[in-house]
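**Student:** Got a structure here, written out as structure tokens. Questions coming.
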Amino acid sequence: MTEGVARTANRAMLRAVGFTDDDFTKPIVGVASADSDVSPCNVHIGHLAVMAAKHLKAAGAMPMTFHTFVVTDGEAMGHEGMKASLVSRDTIADVIELDARGHAMDALIGLGGCDKTIPGTVMGLARMDVPSVFVYGGTIRAGMHNGKPVDIVSAFEAVGAFSAGRISEAERHAIECAACPGAGACGGMYTANTMASAMEAIGMSIPGSASVPAVSSERAGVIERSAAALMDLIRRNITPRQIMTREAFENAIRVIMAIGGSTNAVLHMLALAREVDVPLSIDDFNAFSDTTPILCDMKPAGRYVMENLHQVGGVPLVMKMLLDAGLLHGECMTVSGRTIAENLKDVVVDLEGQDVVKPLSSPEKKTGPIVILKGNLSPTGAVLKTCGLQEVVHTGPARVFDAEEEALDAILDGRVRKGDVVVIRYEGPKGGPGMREMLGPTSAIAGAGLLHDVALITDGRFSGGSHGMVVGHVTPEAQVGGPIGLLREGDVVTINSHQKLLSVDLSDDELAARRAAWQAPPAKYERGALAKFARLVSCASEGAVTS
């Protein structure tokens with residue numbers, strides 16, 4: 001874009017944005033910023049992008065800042081807007097590809113905050129395969145109410161508690177006002193913090209960066225070190241495909257399990273693996289869940305938030321424990337220019353005086369928080385979240401709803417009772433479209449005190465803040481004729497985490513008869529981004545990708 005007589009006009013354009021004669025031989029570094037004031041998760045990222053550009057320019061690069069975007073789950077939750085959330089992940093990757101390819105960028109630094117801006121950004125970096133670093137915007141600090149920490153999930157659960165008469169309107173309003181005190185992504189081990197931790201574990205973020213709070217003075221150092229790391233990657237021509245190997249994915253999945261991470265990680269890791277041609281299947285996850293204890297007592301099921309994990313050593317502490325136990329591949333390269341083992345060499349494991357992170361000898365739970373289920377209700381897989389429960393074994397009558405709103409109304413009206421299995425269908429990648437998260441219904445169940453008595457299954461997905469007996473990503477989805485679309489009110493459904501089973505008590509002949517009589521409902525959108533997504537998107541068991 002900058003060399004030779006034929007590029008005279010290109011250089012003329014670049015002079016107008018600050019290039020001079022000396023700059024045309026410098027590496028052009030794209031600064032992909034998910035800055036936005038639509039949410040606390042991303043409201044501060046523009047400031048971080050300015051800092052990154054400053055450090056890159058001082059180091060001898062020519063930064064060019066461009067914007068990705070964010071659809072914020074916490075604000076989109078429970079209404080039509082949530083259909084845009086998962087769509088935004090692949091669109092962010094497309095934006096990075098188009099901007100970086102269109103302007104011949106030599107390297108990239110991506111900044112993200114809210115849930116989909118993390119995998120979407122790293123998918124874009126991976127697709128371009130130029131030297132790249134991902135920088136997380138950081139977690140929000142906990143709010144305080146009556147001397148106890150609260151967060152966004154506290155606000156969602158307050159809806160169910162208020163509707164069940166367990167708290168007053170004044171209490172509900174006070175929680176609403178206290179839950180989000182400033183900038184940063186949702187504080188528990190929800191999807192944003194899960195994916196930020198995974199990106200540190202996979203080697204695409206500098207060590208120790210995932211847990212630094214958004215408003216901490218330490219974040220300036222994260223930006224400076226990330227910019228310096230990127231310049232070294234440029235000099236050494238180390239790219240994402242050299243970092244994100246099969247072994248690196250195994251490290252990331254292991255860390256996701258150990259921290260009690262979000263079920264959304266299954267979708268995003270499958271999608272990211274596809275970008276770098278790493279063979280990864282939904283069937284691979286159970287091996288890591290079965291052999292990885294949950295070490296961190298984190299919300300939504302536990303007591304602590306990401307800032308608490310940072311105070312006791314952050315993700316490097318957990319990774320060092322796993323490495324010492326032989327559960328990580330220490331030879332994997334990272335954006336620091338060093339291997340995982342080299343990054344962790346000086347990390348000291350000292351668990352005295354804290355209970356955020358537990359020793360491997362007495363973990364929070366002996367196995368991981370994510371289990372892949374199969375059976376006649378999910379022939380190609382479903383995702384069970386066990387966080388906060390030692391086991392999930394439940395059999396009950398199906399309460400069938402064809403949309404999230406219908407189910408939420410029934411829960412809040414007291415029409416869902418102990419023992420029920422709430423079924424929310426036609427909310428999958430194609431059927432929703434967009435695979436909405438079900439934090440509203442799961443929080444209403446929890447707020448009503450039915451957390452251990454009512455199960456919920458869906459071809460949609462769950463927020464990292466959801467907990468209880470919840471099964472998402474049921475595939476094939478209802479819209480394409482999957483068995484979840486054949487269920488009727490009262491059918492007996494079984495969830496069994498030991499047997500890794502999701503089944504309905506119906507014969508093959510009965511299911512076949514119902515399938516023969518079934519007709520797909522019409523598409524909900526005929527034009528625009530949601531219609532395009534519904535036409536292109538793959539099955540959730542393949543990452544729900546559009547490329």
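The way I read the labels, and the way they are meant: chains A, B, ... in the order of the structure tokens, residue 1 as the first residue of every chain, and ligand 1 as the first ligand shown, with later ones counted on from there.
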Return as JSON lines the residues of region 363-427 of chain A lying at most 12 Å from region 501-507 of chain A, together with the closest atom-to-atom pair for each and the distance in Å to one decimal, counting only C-alpha atoms, with rows in chain order and ascending residue number.
**Tutor:**
{"residue": "A:Val371", "atom": "CA", "partner": "A:Leu501", "partner_atom": "CA", "distance": 9.7}
{"residue": "A:Ile372", "atom": "CA", "partner": "A:Leu501", "partner_atom": "CA", "distance": 8.4}
{"residue": "A:Leu373", "atom": "CA", "partner": "A:Leu501", "partner_atom": "CA", "distance": 4.9}
{"residue": "A:Lys374", "atom": "CA", "partner": "A:Leu501", "partner_atom": "CA", "distance": 5.1}
{"residue": "A:Gly375", "atom": "CA", "partner": "A:Leu502", "partner_atom": "CA", "distance": 5.0}
{"residue": "A:Asn376", "atom": "CA", "partner": "A:Ser503", "partner_atom": "CA", "distance": 5.1}
{"residue": "A:Leu377", "atom": "CA", "partner": "A:Ser503", "partner_atom": "CA", "distance": 4.9}
{"residue": "A:Ser378", "atom": "CA", "partner": "A:Leu502", "partner_atom": "CA", "distance": 6.4}
{"residue": "A:Pro379", "atom": "CA", "partner": "A:Leu502", "partner_atom": "CA", "distance": 8.9}
{"residue": "A:Thr380", "atom": "CA", "partner": "A:Leu502", "partner_atom": "CA", "distance": 10.9}
{"residue": "A:Gly381", "atom": "CA", "partner": "A:Leu502", "partner_atom": "CA", "distance": 8.8}
{"residue": "A:Ala382", "atom": "CA", "partner": "A:Leu502", "partner_atom": "CA", "distance": 7.9}
{"residue": "A:Val383", "atom": "CA", "partner": "A:Leu502", "partner_atom": "CA", "distance": 9.8}
{"residue": "A:Leu384", "atom": "CA", "partner": "A:Leu502", "partner_atom": "CA", "distance": 9.4}
{"residue": "A:Val392", "atom": "CA", "partner": "A:Leu501", "partner_atom": "CA", "distance": 10.4}
{"residue": "A:Val393", "atom": "CA", "partner": "A:Leu501", "partner_atom": "CA", "distance": 9.5}
{"residue": "A:His394", "atom": "CA", "partner": "A:Leu502", "partner_atom": "CA", "distance": 10.0}
{"residue": "A:Thr395", "atom": "CA", "partner": "A:Val504", "partner_atom": "CA", "distance": 9.3}
{"residue": "A:Gly396", "atom": "CA", "partner": "A:Val504", "partner_atom": "CA", "distance": 9.7}
{"residue": "A:Pro397", "atom": "CA", "partner": "A:Val504", "partner_atom": "CA", "distance": 9.6}
{"residue": "A:Ala398", "atom": "CA", "partner": "A:Val504", "partner_atom": "CA", "distance": 9.1}
{"residue": "A:Val421", "atom": "CA", "partner": "A:Val504", "partner_atom": "CA", "distance": 11.0}
{"residue": "A:Val423", "atom": "CA", "partner": "A:Val504", "partner_atom": "CA", "distance": 11.8}
**Student:** What is the CA of Gly465 (chain A)-CA of Gln479 (chain A) distance in Å, reported with one decimal?
**Tutor:**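 Separating CA of Gly465 (chain A) from CA of Gln479 (chain A) is a distance of 26.0 Å.
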**Student:** So, counting only C-alpha atoms, which residue among A:Gly113, A:Pro119, A:Pro476, A:Gly30 is closest to Val70 (chain A)?
**Tutor:** A:Gly113
**Student:** Could you pull the residues within 6 Å of region 131-145 of chain A, counting only C-alpha atoms, minus those fewer than 5 positions along the same chain, as a ChimeraX atom specification?
**Tutor:** /A:107-113,150-151,178-181,183-187,204-205,212-214,233-234,238-239
